[in-house]
file data11.cif (mmCIF, C-alpha atoms)
data_my_file
loop_
_atom_site.label_atom_id
_atom_site.label_comp_id
_atom_site.auth_asym_id
_atom_site.auth_seq_id
_atom_site.Cartn_x
_atom_site.Cartn_y
_atom_site.Cartn_z
CA MET A 18 -52.24 -16.96 13.92
CA ILE A 19 -54.11 -15.02 11.24
CA SER A 20 -54.94 -11.35 11.64
CA LEU A 21 -56.57 -8.89 9.30
CA GLN A 22 -54.87 -5.57 8.66
CA GLN A 23 -56.55 -2.64 6.88
CA ARG A 24 -53.87 -1.01 4.71
CA GLY A 25 -55.22 1.65 2.37
CA TYR A 26 -58.37 0.28 0.72
CA LYS A 27 -57.24 -3.33 0.65
CA LEU A 28 -57.91 -5.89 3.38
CA LEU A 29 -54.79 -8.04 3.78
CA THR A 30 -54.42 -11.40 5.44
CA MET A 31 -51.33 -11.74 7.63
CA GLN A 32 -50.05 -15.16 8.68
CA ILE A 33 -47.44 -15.68 11.35
CA LYS A 34 -45.94 -19.19 11.52
CA LEU A 35 -43.49 -20.33 14.19
CA PHE A 36 -40.94 -23.06 13.41
CA THR A 37 -39.08 -24.95 16.12
CA GLU A 38 -36.98 -27.11 13.80
CA PHE A 39 -35.20 -26.90 10.45
CA ASN A 40 -37.65 -29.00 8.45
CA ASP A 41 -38.51 -29.26 4.75
CA ASP A 42 -41.46 -26.87 5.09
CA LEU A 43 -39.24 -24.15 6.55
CA LYS A 44 -36.54 -24.83 3.94
CA SER A 45 -39.06 -24.39 1.12
CA HIS A 46 -40.29 -21.03 2.45
CA TRP A 47 -36.81 -19.78 3.31
CA THR A 48 -34.81 -20.75 0.22
CA SER A 49 -37.50 -19.45 -2.14
CA PHE A 50 -37.63 -16.17 -0.25
CA GLU A 51 -33.85 -15.70 -0.48
CA ASN A 52 -34.33 -14.67 -4.12
CA GLU A 53 -36.90 -12.02 -3.16
CA CYS A 54 -35.43 -10.41 -0.08
CA TYR A 55 -32.51 -8.49 1.35
CA LEU A 56 -30.21 -10.68 3.45
CA TYR A 57 -26.63 -11.35 4.34
CA PRO A 58 -25.13 -14.82 3.77
CA PHE A 59 -25.28 -15.31 7.54
CA GLN A 60 -29.08 -15.29 7.30
CA SER A 61 -29.28 -17.86 4.50
CA PHE A 62 -31.05 -21.11 5.37
CA GLU A 63 -27.96 -23.28 4.96
CA TRP A 64 -25.67 -21.07 7.03
CA GLN A 65 -28.21 -20.82 9.85
CA ARG A 66 -28.91 -24.56 9.84
CA TYR A 67 -25.20 -25.39 9.80
CA TRP A 68 -24.46 -23.01 12.69
CA TYR A 69 -27.32 -24.48 14.74
CA GLU A 70 -26.06 -28.03 14.15
CA LYS A 71 -22.45 -27.26 15.06
CA VAL A 72 -22.72 -24.50 17.70
CA GLY A 73 -26.25 -23.34 18.49
CA LYS A 74 -27.52 -26.65 19.82
CA PRO A 75 -24.39 -28.27 21.34
CA LYS A 76 -22.90 -25.12 22.92
CA TYR A 77 -25.90 -22.94 23.79
CA ASN A 78 -28.81 -25.40 23.67
CA PHE A 79 -30.90 -22.89 21.71
CA SER A 80 -34.60 -23.58 21.27
CA LEU A 81 -35.46 -22.51 17.74
CA CYS A 82 -38.01 -19.74 17.37
CA ILE A 83 -37.93 -19.00 13.64
CA ILE A 84 -40.85 -16.88 12.50
CA VAL A 85 -42.06 -16.78 8.90
CA CYS A 86 -44.41 -13.88 8.12
CA ARG A 87 -46.70 -13.99 5.10
CA VAL A 88 -49.07 -11.35 3.76
CA ASP A 89 -51.78 -12.62 1.44
CA TYR A 90 -49.98 -16.02 1.56
CA LYS A 91 -46.71 -14.58 0.24
CA VAL A 92 -43.60 -14.58 2.45
CA ARG A 93 -42.61 -11.03 3.35
CA ALA A 94 -40.16 -11.47 6.24
CA ILE A 95 -38.34 -14.16 8.21
CA PHE A 96 -36.96 -13.72 11.71
CA PRO A 97 -34.30 -16.35 12.63
CA PHE A 98 -34.69 -16.20 16.40
CA GLY A 99 -33.70 -18.60 19.14
CA ILE A 100 -34.26 -18.75 22.89
CA ARG A 101 -31.60 -19.95 25.30
CA GLU A 102 -31.37 -20.32 29.06
CA PHE A 103 -29.05 -17.96 30.87
CA SER A 104 -28.91 -17.64 34.67
CA CYS A 105 -32.45 -19.02 35.08
CA ALA A 106 -33.74 -16.58 32.45
CA LYS A 107 -34.87 -17.12 28.86
CA VAL A 108 -33.05 -14.89 26.38
CA LEU A 109 -34.43 -14.13 22.90
CA GLU A 110 -31.64 -13.64 20.36
CA PHE A 111 -30.89 -13.84 16.68
CA LEU A 112 -29.28 -17.16 15.82
CA GLY A 113 -25.55 -17.02 15.15
CA SER A 114 -23.91 -15.72 18.33
CA ASP A 115 -20.18 -14.93 17.90
CA GLU A 116 -19.95 -16.74 14.56
CA VAL A 117 -22.21 -14.26 12.77
CA ASP A 118 -20.90 -10.80 11.98
CA TYR A 119 -24.23 -9.26 10.99
CA ASN A 120 -27.72 -9.87 12.39
CA SER A 121 -31.01 -8.85 10.80
CA PRO A 122 -34.35 -10.25 9.68
CA LEU A 123 -34.81 -11.24 6.05
CA ILE A 124 -36.90 -8.45 4.50
CA ALA A 125 -38.74 -8.43 1.16
CA THR A 126 -37.05 -6.12 -1.32
CA ASN A 127 -40.24 -4.11 -1.94
CA MET A 128 -41.31 -3.78 1.69
CA SER A 129 -42.07 -0.42 3.32
CA SER A 130 -41.36 0.57 6.89
CA ASN A 131 -45.10 0.70 7.63
CA GLU A 132 -45.64 -2.85 6.41
CA PHE A 133 -42.72 -4.03 8.52
CA GLY A 134 -44.25 -2.26 11.52
CA ASP A 135 -47.54 -4.16 11.04
CA ILE A 136 -45.63 -7.44 10.85
CA TRP A 137 -43.51 -6.64 13.91
CA THR A 138 -46.60 -5.77 15.96
CA ASP A 139 -48.28 -9.07 15.14
CA LEU A 140 -45.30 -11.39 15.47
CA SER A 141 -44.28 -9.88 18.83
CA LYS A 142 -47.46 -11.38 20.28
CA GLU A 143 -46.57 -14.86 19.04
CA ILE A 144 -43.01 -15.22 20.38
CA PRO A 145 -42.85 -17.75 23.24
CA ARG A 146 -42.28 -16.45 26.77
CA HIS A 147 -38.87 -14.93 27.39
CA ASP A 148 -37.31 -12.71 30.04
CA ILE A 149 -34.69 -10.76 28.07
CA VAL A 150 -34.37 -9.59 24.49
CA HIS A 151 -30.75 -9.29 23.41
CA PHE A 152 -30.14 -8.38 19.77
CA ARG A 153 -26.53 -7.59 18.87
CA ASN A 154 -24.59 -6.88 15.68
CA LEU A 155 -27.69 -5.33 14.13
CA THR A 156 -26.91 -3.63 10.85
CA LYS A 157 -28.15 -0.25 9.65
CA PHE A 158 -28.77 -1.82 6.25
CA VAL A 159 -29.55 -5.34 5.07
CA ASP A 160 -27.56 -5.77 1.89
CA LYS A 161 -28.92 -2.92 -0.26
CA GLY A 162 -32.06 -2.31 1.83
CA GLU A 163 -32.81 -0.58 5.11
CA ASN A 164 -33.09 -2.64 8.29
CA TYR A 165 -36.57 -1.55 9.35
CA LEU A 166 -36.27 -3.39 12.66
CA LEU A 167 -34.25 -0.46 14.00
CA ASN A 168 -37.30 1.78 13.48
CA TYR A 169 -39.34 -0.24 15.98
CA ILE A 170 -36.90 -1.00 18.81
CA THR A 171 -34.66 1.09 21.02
CA SER A 172 -31.03 0.55 20.10
CA LYS A 173 -27.59 2.04 20.54
CA VAL A 174 -24.53 2.16 18.33
CA THR A 175 -21.96 -0.37 19.51
CA GLY A 176 -19.50 -0.36 16.64
CA LYS A 177 -18.73 0.12 12.97
CA SER A 178 -18.14 -2.06 9.97
CA PHE A 179 -16.01 -1.04 7.01
CA SER A 180 -16.05 -1.96 3.35
CA ALA A 181 -14.51 -1.04 0.01
CA LEU A 182 -16.64 -0.32 -3.03
CA LEU A 183 -14.59 -1.81 -5.84
CA PRO A 184 -14.19 -0.28 -9.32
CA GLY A 185 -13.51 -2.27 -12.47
CA SER A 186 -9.74 -2.41 -12.08
CA PHE A 187 -7.14 -2.50 -9.34
CA ALA A 188 -5.42 0.45 -11.00
CA ASP A 189 -8.51 2.59 -10.38
CA TYR A 190 -8.91 1.25 -6.83
CA SER A 191 -5.25 1.90 -5.99
CA LYS A 192 -5.69 5.62 -6.68
CA SER A 193 -7.24 5.95 -3.22
CA LEU A 194 -4.53 3.91 -1.48
CA SER A 195 -1.23 4.98 0.05
CA LYS A 196 1.42 5.06 -2.64
CA SER A 197 4.15 4.33 -0.10
CA MET A 198 2.25 1.28 1.18
CA LEU A 199 1.82 -0.13 -2.33
CA LYS A 200 5.50 0.50 -3.05
CA ASP A 201 6.42 -1.28 0.18
CA ASN A 202 4.18 -4.20 -0.77
CA ARG A 203 5.91 -4.53 -4.16
CA ARG A 204 9.29 -4.48 -2.45
CA MET A 205 8.30 -7.25 -0.01
CA ILE A 206 6.79 -9.38 -2.78
CA ARG A 207 9.98 -9.02 -4.81
CA ARG A 208 12.08 -10.13 -1.83
CA LEU A 209 9.83 -13.14 -1.18
CA LYS A 210 10.00 -14.20 -4.81
CA GLU A 211 13.79 -14.08 -4.59
CA LYS A 212 13.51 -16.74 -1.86
CA GLY A 213 11.32 -19.14 -3.87
CA ASN A 214 7.95 -19.75 -5.53
CA LEU A 215 5.39 -17.33 -4.07
CA GLU A 216 1.80 -18.41 -4.73
CA PHE A 217 -1.71 -17.14 -3.99
CA GLN A 218 -4.06 -20.13 -4.07
CA ILE A 219 -7.70 -20.93 -3.38
CA SER A 220 -8.69 -24.23 -1.76
CA ARG A 221 -9.71 -26.73 -4.46
CA ASN A 222 -11.03 -29.81 -2.63
CA GLU A 223 -12.16 -31.13 0.74
CA ASN A 224 -8.82 -32.56 1.85
CA GLU A 225 -7.00 -29.37 0.97
CA PHE A 226 -9.68 -27.35 2.72
CA LYS A 227 -9.25 -29.30 5.96
CA GLU A 228 -5.46 -28.97 5.85
CA ILE A 229 -5.64 -25.20 5.36
CA VAL A 230 -8.28 -24.71 8.06
CA ASP A 231 -6.10 -26.60 10.55
CA LYS A 232 -3.23 -24.26 9.66
CA LEU A 233 -5.55 -21.25 9.96
CA ILE A 234 -6.61 -22.33 13.45
CA PHE A 235 -2.99 -22.90 14.50
CA GLN A 236 -1.91 -19.46 13.26
CA LYS A 237 -4.90 -17.80 14.90
CA GLU A 238 -4.21 -19.49 18.24
CA GLN A 239 -0.59 -18.35 18.11
CA ARG A 240 -1.82 -14.81 17.58
CA TYR A 241 -4.26 -15.09 20.50
CA LYS A 242 -1.35 -16.07 22.76
CA GLN A 243 0.67 -13.06 21.63
CA THR A 244 -2.11 -10.51 22.05
CA GLY A 245 -3.84 -11.99 25.09
CA ALA A 246 -7.13 -12.17 23.22
CA ARG A 247 -9.75 -14.80 24.03
CA ASN A 248 -9.08 -18.06 22.20
CA ILE A 249 -12.41 -18.97 20.58
CA PHE A 250 -11.05 -22.36 19.48
CA LEU A 251 -10.79 -23.67 23.04
CA ASP A 252 -14.48 -24.47 22.62
CA ASN A 253 -14.70 -27.72 20.67
CA SER A 254 -18.02 -26.77 19.06
CA VAL A 255 -16.52 -23.62 17.57
CA ARG A 256 -13.43 -25.50 16.42
CA LYS A 257 -15.59 -28.07 14.61
CA PHE A 258 -17.72 -25.28 13.14
CA TYR A 259 -14.67 -24.07 11.19
CA GLN A 260 -13.08 -27.46 10.56
CA LYS A 261 -16.24 -28.89 8.96
CA MET A 262 -17.16 -25.78 6.97
CA TYR A 263 -16.60 -27.57 3.68
CA LEU A 264 -20.10 -28.95 4.30
CA LEU A 265 -21.42 -25.46 3.57
CA ILE A 266 -19.77 -25.53 0.15
CA LYS A 267 -21.60 -28.80 -0.54
CA ARG A 268 -24.82 -27.06 0.53
CA GLY A 269 -24.30 -24.19 -1.91
CA ILE A 270 -22.64 -21.50 0.26
CA ASN A 271 -19.52 -20.19 -1.47
CA ILE A 272 -16.99 -20.39 1.36
CA HIS A 273 -13.71 -18.92 0.12
CA LEU A 274 -10.49 -20.24 1.66
CA SER A 275 -7.17 -18.97 0.34
CA THR A 276 -3.46 -19.03 1.15
CA LEU A 277 -0.30 -17.15 0.37
CA SER A 278 2.57 -19.65 0.39
CA LEU A 279 6.28 -19.81 -0.38
CA ASP A 280 7.58 -23.13 -1.70
CA GLY A 281 4.62 -24.85 -0.04
CA GLU A 282 5.02 -23.16 3.36
CA ILE A 283 1.82 -21.31 4.26
CA LEU A 284 2.59 -17.69 5.06
CA ALA A 285 -0.98 -16.42 5.44
CA THR A 286 -4.54 -17.70 5.19
CA HIS A 287 -8.02 -16.25 4.94
CA LEU A 288 -11.51 -17.70 5.31
CA GLY A 289 -14.42 -15.67 3.96
CA ILE A 290 -17.59 -15.81 1.89
CA HIS A 291 -18.26 -14.88 -1.73
CA TYR A 292 -21.99 -14.15 -1.81
CA LYS A 293 -23.69 -12.67 -4.88
CA ASP A 294 -21.54 -9.66 -5.88
CA GLN A 295 -19.98 -9.17 -2.45
CA PHE A 296 -17.00 -10.64 -0.60
CA TYR A 297 -16.92 -10.95 3.20
CA TYR A 298 -13.48 -10.76 4.81
CA LEU A 299 -13.92 -12.81 7.98
CA MET A 300 -10.85 -14.57 9.37
CA PRO A 301 -7.32 -13.67 8.22
CA THR A 302 -4.21 -15.20 9.77
CA PHE A 303 -0.47 -15.08 9.14
CA ASN A 304 2.68 -17.01 10.03
CA ASP A 305 4.30 -15.27 13.01
CA HIS A 306 7.64 -17.09 12.85
CA GLN A 307 10.59 -14.80 13.50
CA LYS A 308 11.99 -15.29 9.99
CA TRP A 309 8.94 -13.56 8.51
CA GLU A 310 8.75 -10.62 10.92
CA LYS A 311 10.09 -8.18 8.30
CA PHE A 312 7.19 -9.01 5.96
CA SER A 313 3.62 -7.79 6.35
CA LEU A 314 2.24 -11.18 5.34
CA GLY A 315 -1.39 -10.46 6.20
CA ARG A 316 -1.31 -7.22 4.21
CA LEU A 317 0.27 -8.90 1.19
CA HIS A 318 -2.37 -11.62 1.24
CA LEU A 319 -5.13 -9.03 1.57
CA GLU A 320 -3.90 -7.20 -1.53
CA GLN A 321 -3.98 -10.48 -3.47
CA LEU A 322 -7.54 -11.09 -2.28
CA ILE A 323 -8.65 -7.67 -3.48
CA HIS A 324 -7.00 -8.29 -6.86
CA TRP A 325 -8.94 -11.56 -7.06
CA ALA A 326 -12.19 -9.85 -6.05
CA ILE A 327 -11.91 -7.17 -8.74
CA GLU A 328 -11.02 -9.75 -11.38
CA ASN A 329 -14.16 -11.71 -10.40
CA LYS A 330 -16.46 -8.66 -10.72
CA ILE A 331 -17.11 -8.29 -7.00
CA LYS A 332 -18.66 -4.91 -6.22
CA ARG A 333 -18.12 -4.67 -2.47
CA PHE A 334 -15.29 -6.03 -0.33
CA ASP A 335 -16.78 -6.13 3.18
CA PHE A 336 -14.31 -6.11 6.08
CA THR A 337 -17.26 -6.67 8.49
CA ILE A 338 -17.33 -5.61 12.15
CA GLY A 339 -14.34 -4.01 13.81
CA ALA A 340 -12.58 -0.67 13.72
CA GLU A 341 -9.04 -1.96 13.32
CA SER A 342 -6.83 0.78 11.94
CA TYR A 343 -5.69 -1.19 8.89
CA LYS A 344 -9.25 -1.35 7.56
CA LYS A 345 -9.44 2.40 7.11
CA ILE A 346 -6.45 2.19 4.75
CA TRP A 347 -8.36 -0.04 2.34
CA CYS A 348 -11.97 1.09 2.82
CA ASN A 349 -14.12 3.88 1.46
CA ASP A 350 -17.46 3.11 3.14
CA GLU A 351 -18.68 2.40 6.67
CA MET A 352 -21.84 1.33 8.46
CA SER A 353 -23.01 1.65 12.07
CA ILE A 354 -23.68 -1.49 14.11
CA TYR A 355 -26.35 -1.52 16.82
CA SER A 356 -27.49 -3.57 19.79
CA HIS A 357 -30.85 -3.85 21.56
CA LEU A 358 -31.29 -5.01 25.15
CA LYS A 359 -34.64 -5.13 26.89
CA LEU A 360 -35.79 -6.61 30.19
CA LYS A 361 -39.14 -8.39 29.89
CA SER A 362 -39.55 -9.77 33.44
CA LEU A 363 -37.96 -9.64 36.89
CA ARG A 364 -36.67 -13.17 36.33
CA GLY A 365 -34.26 -11.78 33.78
CA LEU A 366 -32.79 -9.06 36.03
CA VAL A 367 -29.52 -10.92 36.73
CA GLY A 368 -28.96 -11.66 33.06
CA PHE A 369 -29.89 -8.11 32.10
CA THR A 370 -27.31 -6.75 34.53
CA TYR A 371 -24.67 -9.14 33.17
CA PHE A 372 -25.28 -8.13 29.54
CA ASN A 373 -25.01 -4.42 30.44
CA LEU A 374 -21.76 -5.09 32.32
CA PHE A 375 -20.43 -7.13 29.40
CA GLU A 376 -21.13 -4.30 26.94
CA PHE A 377 -19.49 -1.80 29.29
CA ILE A 378 -16.31 -3.90 29.57
CA ARG A 379 -16.17 -4.68 25.86
CA SER A 380 -16.33 -1.00 24.95
CA ARG A 381 -13.26 -0.16 27.07
CA LYS A 382 -10.01 -1.63 25.74
CA VAL A 383 -7.92 -1.41 28.93
CA LEU A 384 -10.65 -2.91 31.12
CA LYS A 385 -11.26 -5.63 28.53
CA ARG A 386 -7.58 -6.66 28.57
CA ILE A 387 -7.57 -6.81 32.39
CA VAL A 388 -10.68 -9.01 32.47
CA LEU A 389 -9.34 -11.36 29.78
CA LYS A 390 -6.12 -11.86 31.75
CA PHE A 391 -8.08 -12.52 34.92
CA ILE A 392 -10.39 -15.18 33.46
CA LYS A 393 -7.59 -17.18 31.75
#
call {"tool": "encode", "arguments": {"input": "data11.cif", "output": "structure tokens"}}
result
Amino acid sequence: MISLQQRGYKLLTMQIKLFTEFNDDLKSHWTSFENECYLYPFQSFEWQRYWYEKVGKPKYNFSLCIIVCRVDYKVRAIFPFGIREFSCAKVLEFLGSDEVDYNSPLIATNMSSNEFGDIWTDLSKEIPRHDIVHFRNLTKFVDKGENYLLNYITSKVTGKSFSALLPGSFADYSKSLSKSMLKDNRRMIRRLKEKGNLEFQISRNENEFKEIVDKLIFQKEQRYKQTGARNIFLDNSVRKFYQKMYLLIKRGINIHLSTLSLDGEILATHLGIHYKDQFYYLMPTFNDHQKWEKFSLGRLHLEQLIHWAIENKIKRFDFTIGAESYKKIWCNDEMSIYSHLKLKSLRGLVGFTYFNLFEFIRSRKVLKRIVLKFIK
């Protein structure tokens, strides 16, 4: 669809193109635009394609609805949408589901809110029929730019994300940290080194990657059992999504997998992303064996990760979504997270009610624990 928009004194041509598959044409538009827009790694072409292959299609049966918006034949925004069936209704969502911490469109770095508004008005007419719009994990900002989508939809704050702006040295960063915590960390590291060879290592090859991911999943599942949290790895699609993630490294996404080990025994793991000058802290785990209960293994590994990040000139260490108390110890910046839910037809009423109930339960810790116990 081509529409003409009068902006100032210049007549601009707007083109809206809908893609229903990850083909070479879409890849060309998308990967070129990644150098000219604000985005998170979760909205990169390779991450989105990989997620769709491993989870989006097999688990949710998403129909792709990816919209590329061009003005005067130059890409200005990309909206990675999908439509899935839920309770006889069609739900429009951002691709990524639970495996994506942040959702947003890809927005040109020099775009204004007014230009985005023109694009949003036009593309909204081209989206295939759907009964519910459910956007979650929407960010206030997209990398270093504003998420203009929030200016044109009704939304509510559903959470926070936390991050640490990193200086040039750990000595400078540590000035804002608890001195007693750092002293306690040094004491625990000294005691571990007395037991053997303590090493912080980053995965170096595909076989090593697979071995560490299997250990990560095992440690995470043990933790789920202890806390009563939902075990995401019971779904085979999600399990394979993490087990096969080395494919993303081959496709150019810098997945970062590290361990803290003692004489070869893995004490803690972490899987994250190093993207541009930022690091995304996504999935930490630790060995919960009784012999290690006096050591804060996850915290010790986290400190090593931050040392590594500073040494590698990373500017922001992003702890992503979640208001866990430990994050506030390490962080000096925060961002609001939003959701948008809209009923588009009576067909979607059941689904709309379910999503509202889900958000209500998720926002109340006691009720959430009761429901999780009931559905096990």
call {"tool": "residues_around", "arguments": {"input": "data11.cif", "residues": "region 129-146 of chain A", "least_positions_apart": "5", "cutoff": "12 Å", "atoms": "all atoms listed in the file", "output": "JSON, numbers by chain"}}
result
{"A": [18, 19, 20, 21, 22, 23, 24, 25, 29, 30, 31, 32, 33, 34, 35, 36, 37, 80, 81, 82, 83, 84, 85, 86, 87, 88, 92, 93, 94, 95, 96, 97, 98, 99, 100, 101, 102, 106, 107, 108, 109, 110, 122, 123, 124, 162, 163, 164, 165, 166, 167, 168, 169, 170, 361, 362, 364, 365]}
call {"tool": "residues_around", "arguments": {"input": "data11.cif", "residues": "region 284-292 of chain A", "least_positions_apart": "3", "cutoff": "6 Å", "atoms": "all atoms listed in the file", "output": "list in words"}}
result
Asn271, Ile272, His273, Leu274, Ser275, Thr276, Leu277, Ser278, Gln295, Phe296, Tyr297, Tyr298, Leu299, Met300, Pro301, Thr302, Phe303 and Asn304 of chain A
call {"tool": "atom_distance", "arguments": {"input": "data11.cif", "atom1": "CA of Arg221 (chain A)", "atom2": "CA of Lys261 (chain A)"}}
result
15.1 Å
call {"tool": "residues_around", "arguments": {"input": "data11.cif", "residues": "Lys257 (chain A)", "least_positions_apart": "5", "cutoff": "9 Å", "atoms": "only C-alpha atoms", "output": "ChimeraX atom specification"}}
result
/A:71-72,250,252,262
call {"tool": "closest_residue", "arguments": {"input": "data11.cif", "among": "A:Leu155, A:Ile249, A:Val230, A:Ile327", "to": "Gly176 (chain A)", "atoms": "all atoms listed in the file"}}
result
A:Leu155
call {"tool": "build_atoms", "arguments": {"input": "data11.cif", "residues": "region 320-337 of chain A", "atoms": "N, CA, C and O atoms", "output": "tab-separated table (two decimals), in the frame of the given file"}}
result
chain	number	residue	atom	x	y	z
A	320	GLU	N	-3.97	-7.83	-0.20
A	320	GLU	CA	-3.90	-7.20	-1.53
A	320	GLU	C	-4.19	-8.21	-2.63
A	320	GLU	O	-4.90	-7.90	-3.60
A	321	GLN	N	-3.70	-9.44	-2.48
A	321	GLN	CA	-3.98	-10.48	-3.47
A	321	GLN	C	-5.47	-10.81	-3.50
A	321	GLN	O	-6.04	-11.05	-4.57
A	322	LEU	N	-6.10	-10.82	-2.35
A	322	LEU	CA	-7.54	-11.09	-2.28
A	322	LEU	C	-8.34	-10.01	-3.00
A	322	LEU	O	-9.32	-10.30	-3.70
A	323	ILE	N	-7.93	-8.76	-2.82
A	323	ILE	CA	-8.65	-7.67	-3.48
A	323	ILE	C	-8.44	-7.73	-4.99
A	323	ILE	O	-9.38	-7.49	-5.77
A	324	HIS	N	-7.23	-8.06	-5.42
A	324	HIS	CA	-7.00	-8.29	-6.86
A	324	HIS	C	-7.97	-9.35	-7.38
A	324	HIS	O	-8.61	-9.17	-8.42
A	325	TRP	N	-8.05	-10.46	-6.66
A	325	TRP	CA	-8.94	-11.56	-7.06
A	325	TRP	C	-10.39	-11.09	-7.11
A	325	TRP	O	-11.13	-11.42	-8.05
A	326	ALA	N	-10.81	-10.32	-6.12
A	326	ALA	CA	-12.19	-9.85	-6.05
A	326	ALA	C	-12.54	-8.97	-7.25
A	326	ALA	O	-13.59	-9.12	-7.87
A	327	ILE	N	-11.66	-8.06	-7.59
A	327	ILE	CA	-11.91	-7.17	-8.74
A	327	ILE	C	-11.96	-7.97	-10.03
A	327	ILE	O	-12.83	-7.75	-10.88
A	328	GLU	N	-11.04	-8.91	-10.18
A	328	GLU	CA	-11.02	-9.75	-11.38
A	328	GLU	C	-12.30	-10.59	-11.52
A	328	GLU	O	-12.71	-10.93	-12.63
A	329	ASN	N	-12.93	-10.89	-10.40
A	329	ASN	CA	-14.16	-11.71	-10.40
A	329	ASN	C	-15.43	-10.87	-10.28
A	329	ASN	O	-16.48	-11.38	-9.88
A	330	LYS	N	-15.31	-9.57	-10.60
A	330	LYS	CA	-16.46	-8.66	-10.72
A	330	LYS	C	-17.19	-8.43	-9.41
A	330	LYS	O	-18.40	-8.16	-9.39
A	331	ILE	N	-16.50	-8.56	-8.29
A	331	ILE	CA	-17.11	-8.29	-7.00
A	331	ILE	C	-17.22	-6.79	-6.80
A	331	ILE	O	-16.28	-6.04	-7.07
A	332	LYS	N	-18.39	-6.35	-6.33
A	332	LYS	CA	-18.66	-4.91	-6.22
A	332	LYS	C	-18.29	-4.33	-4.86
A	332	LYS	O	-17.97	-3.16	-4.74
A	333	ARG	N	-18.41	-5.15	-3.82
A	333	ARG	CA	-18.12	-4.67	-2.47
A	333	ARG	C	-17.26	-5.68	-1.73
A	333	ARG	O	-17.58	-6.87	-1.68
A	334	PHE	N	-16.16	-5.21	-1.16
A	334	PHE	CA	-15.29	-6.03	-0.33
A	334	PHE	C	-15.56	-5.63	1.11
A	334	PHE	O	-15.16	-4.55	1.56
A	335	ASP	N	-16.27	-6.47	1.85
A	335	ASP	CA	-16.78	-6.13	3.18
A	335	ASP	C	-15.82	-6.65	4.25
A	335	ASP	O	-15.65	-7.86	4.40
A	336	PHE	N	-15.24	-5.74	5.01
A	336	PHE	CA	-14.31	-6.11	6.08
A	336	PHE	C	-15.05	-6.46	7.38
A	336	PHE	O	-14.42	-6.79	8.37
A	337	THR	N	-16.37	-6.33	7.37
A	337	THR	CA	-17.26	-6.67	8.49
A	337	THR	C	-16.92	-5.88	9.76
A	337	THR	O	-16.25	-4.86	9.71
